[in-house]
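J.: Provided below: final_24.txt, containing compact mmCIF, C-alpha atoms.
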```
# COMPACT_ATOMS: atom_id res chain seq x y z
CA MET S 24 77.06 96.75 94.70
CA PRO S 25 78.49 98.28 97.87
CA THR S 26 81.98 97.37 99.04
CA ILE S 27 83.30 97.31 102.60
CA VAL S 28 86.96 98.40 102.64
CA VAL S 29 89.17 97.22 105.51
CA ASP S 30 92.59 98.83 106.04
CA VAL S 31 95.22 97.04 108.15
CA MET S 32 98.56 98.52 109.17
CA PRO S 33 101.53 97.23 111.17
CA LYS S 34 101.42 98.31 114.80
CA ALA S 35 103.15 101.68 115.21
CA GLU S 36 105.69 100.30 117.68
CA LEU S 37 106.91 97.59 115.28
CA LEU S 38 109.48 97.91 112.54
CA ASP S 39 108.17 97.97 108.97
CA PRO S 40 110.96 96.51 106.79
CA GLN S 41 108.99 97.02 103.56
CA GLY S 42 108.31 100.64 104.44
CA LYS S 43 111.97 101.15 105.32
CA ALA S 44 113.00 99.69 101.94
CA VAL S 45 110.66 102.04 100.08
CA ALA S 46 111.87 105.02 102.13
CA GLY S 47 115.45 104.10 101.22
CA ALA S 48 114.52 103.85 97.53
CA LEU S 49 112.95 107.31 97.65
CA THR S 50 116.16 108.72 99.09
CA ARG S 51 118.27 106.99 96.43
CA LEU S 52 116.01 108.43 93.72
CA GLY S 53 116.50 111.91 95.13
CA ILE S 54 112.89 112.24 96.24
CA ASP S 55 112.62 114.10 99.51
CA GLY S 56 109.92 115.62 101.65
CA PHE S 57 108.69 112.34 103.12
CA ALA S 58 109.48 111.59 106.75
CA GLY S 59 108.73 107.89 106.50
CA VAL S 60 106.82 105.13 104.74
CA ARG S 61 104.58 102.46 106.28
CA ILE S 62 103.07 99.72 104.17
CA GLY S 63 99.78 98.06 105.04
CA LYS S 64 97.04 95.99 103.48
CA ARG S 65 93.65 96.88 101.98
CA PHE S 66 90.82 94.37 101.69
CA GLU S 67 87.65 94.92 99.67
CA LEU S 68 84.60 92.88 100.65
CA THR S 69 81.88 93.11 98.00
CA VAL S 70 78.38 93.06 99.46
CA GLU S 71 75.20 91.64 97.97
CA GLY S 72 72.35 93.91 99.05
CA GLU S 73 72.32 96.62 101.70
CA VAL S 74 75.00 97.27 104.29
CA ASP S 75 73.44 97.36 107.76
CA ASP S 76 74.83 97.43 111.30
CA ALA S 77 74.86 93.63 111.54
CA LEU S 78 76.91 93.33 108.35
CA LEU S 79 79.35 95.98 109.57
CA GLU S 80 79.73 94.05 112.83
CA SER S 81 80.49 90.93 110.78
CA ALA S 82 83.07 92.87 108.76
CA GLN S 83 84.70 94.07 112.00
CA ARG S 84 84.85 90.49 113.29
CA ILE S 85 86.34 89.25 110.00
CA ALA S 86 88.88 92.08 110.08
CA ASP S 87 89.89 91.32 113.67
CA GLU S 88 89.97 87.52 113.41
CA ILE S 89 90.93 86.72 109.81
CA LEU S 90 92.28 89.70 107.88
CA SER S 91 94.72 90.95 110.51
CA ASN S 92 97.23 89.43 112.89
CA SER S 93 96.41 91.18 116.17
CA VAL S 94 99.92 90.56 117.51
CA ILE S 95 101.59 92.73 114.87
CA GLU S 96 98.78 94.61 113.07
CA ASP S 97 95.92 97.00 113.78
CA VAL S 98 92.68 97.36 111.86
CA VAL S 99 92.82 101.10 111.19
CA GLY S 100 89.71 101.59 109.13
CA ILE S 101 86.48 100.07 107.92
CA GLU S 102 84.40 102.05 105.46
CA VAL S 103 81.61 101.47 102.98
CA ILE S 104 81.96 102.67 99.42
CA GLU S 105 79.07 102.55 96.99
```
What is this structure when it is put down as structure tokens?
T.:
Amino acid sequence: MPTIVVDVMPKAELLDPQGKAVAGALTRLGIDGFAGVRIGKRFELTVEGEVDDALLESAQRIADEILSNSVIEDVVGIEVIE
């Protein structure tokens, strides 16, 4: 069965306290080479049948209206994996 994957991230201009906490932990562990960490969300929508344009439009609508908070988050990707 195909799966539609939706990735949501905090808006770039907003602080990401979880990402900041992970970045701090990396520093404390002596791990370097990373300029920053941002933490987002991934949703997997399992599909019955074929994925067509209408279903992708529905996924976009769901992503915009239900899966993300448009005030603080952006939908950064929607892809189909088989």
J.: For segment 76-87 of chain S, work out the shell of residues within 8 Å, counting all atoms listed in the file and skipping chain neighbours fewer than 6 positions away, then give it as a PDB file with C-alpha atoms, keeping the file's coordinate frame.
T.:
```pdb
ATOM      1  CA  ILE S  27      83.300  97.310 102.600  1.00  0.00           C
ATOM      2  CA  VAL S  29      89.170  97.220 105.510  1.00  0.00           C
ATOM      3  CA  SER S  93      96.410  91.180 116.170  1.00  0.00           C
ATOM      4  CA  VAL S  98      92.680  97.360 111.860  1.00  0.00           C
ATOM      5  CA  ILE S 101      86.480 100.070 107.920  1.00  0.00           C
TER       6      ILE S 101
END
```
J.: Counting only C-alpha atoms, which residue out of S:Gly72, S:Gly42, S:Gly47, S:Pro25 sits closest to Val60 of chain S?
T.: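 Checking each candidate against Val60 of chain S, we get S:Gly42 as the closest.
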J.: Would you kindly return, as a list of chain:residue names, each protein, DNA or RNA residue with an atom no farther than 12 Å from any atom of Asn92 of chain S, considering all atoms listed in the file and excluding same-chain residues fewer than 2 positions away?
T.: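 Using all atoms listed in the file, the neighbours found are S:Val31, S:Met32, S:Pro33, S:Lys34, S:Gly63, S:Lys64, S:Ile85, S:Ala86, S:Asp87, S:Glu88, S:Ile89, S:Leu90, S:Val94, S:Ile95, S:Glu96, S:Asp97, S:Val98.
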J.: Env of Val70 of chain S: 10 Å cut, atoms = only C-alpha atoms, seq-sep filter 3 positions within chain, self excluded. Answer as a ChimeraX atom specification.
T.: /S:24-27,67,73-74,78,103,105
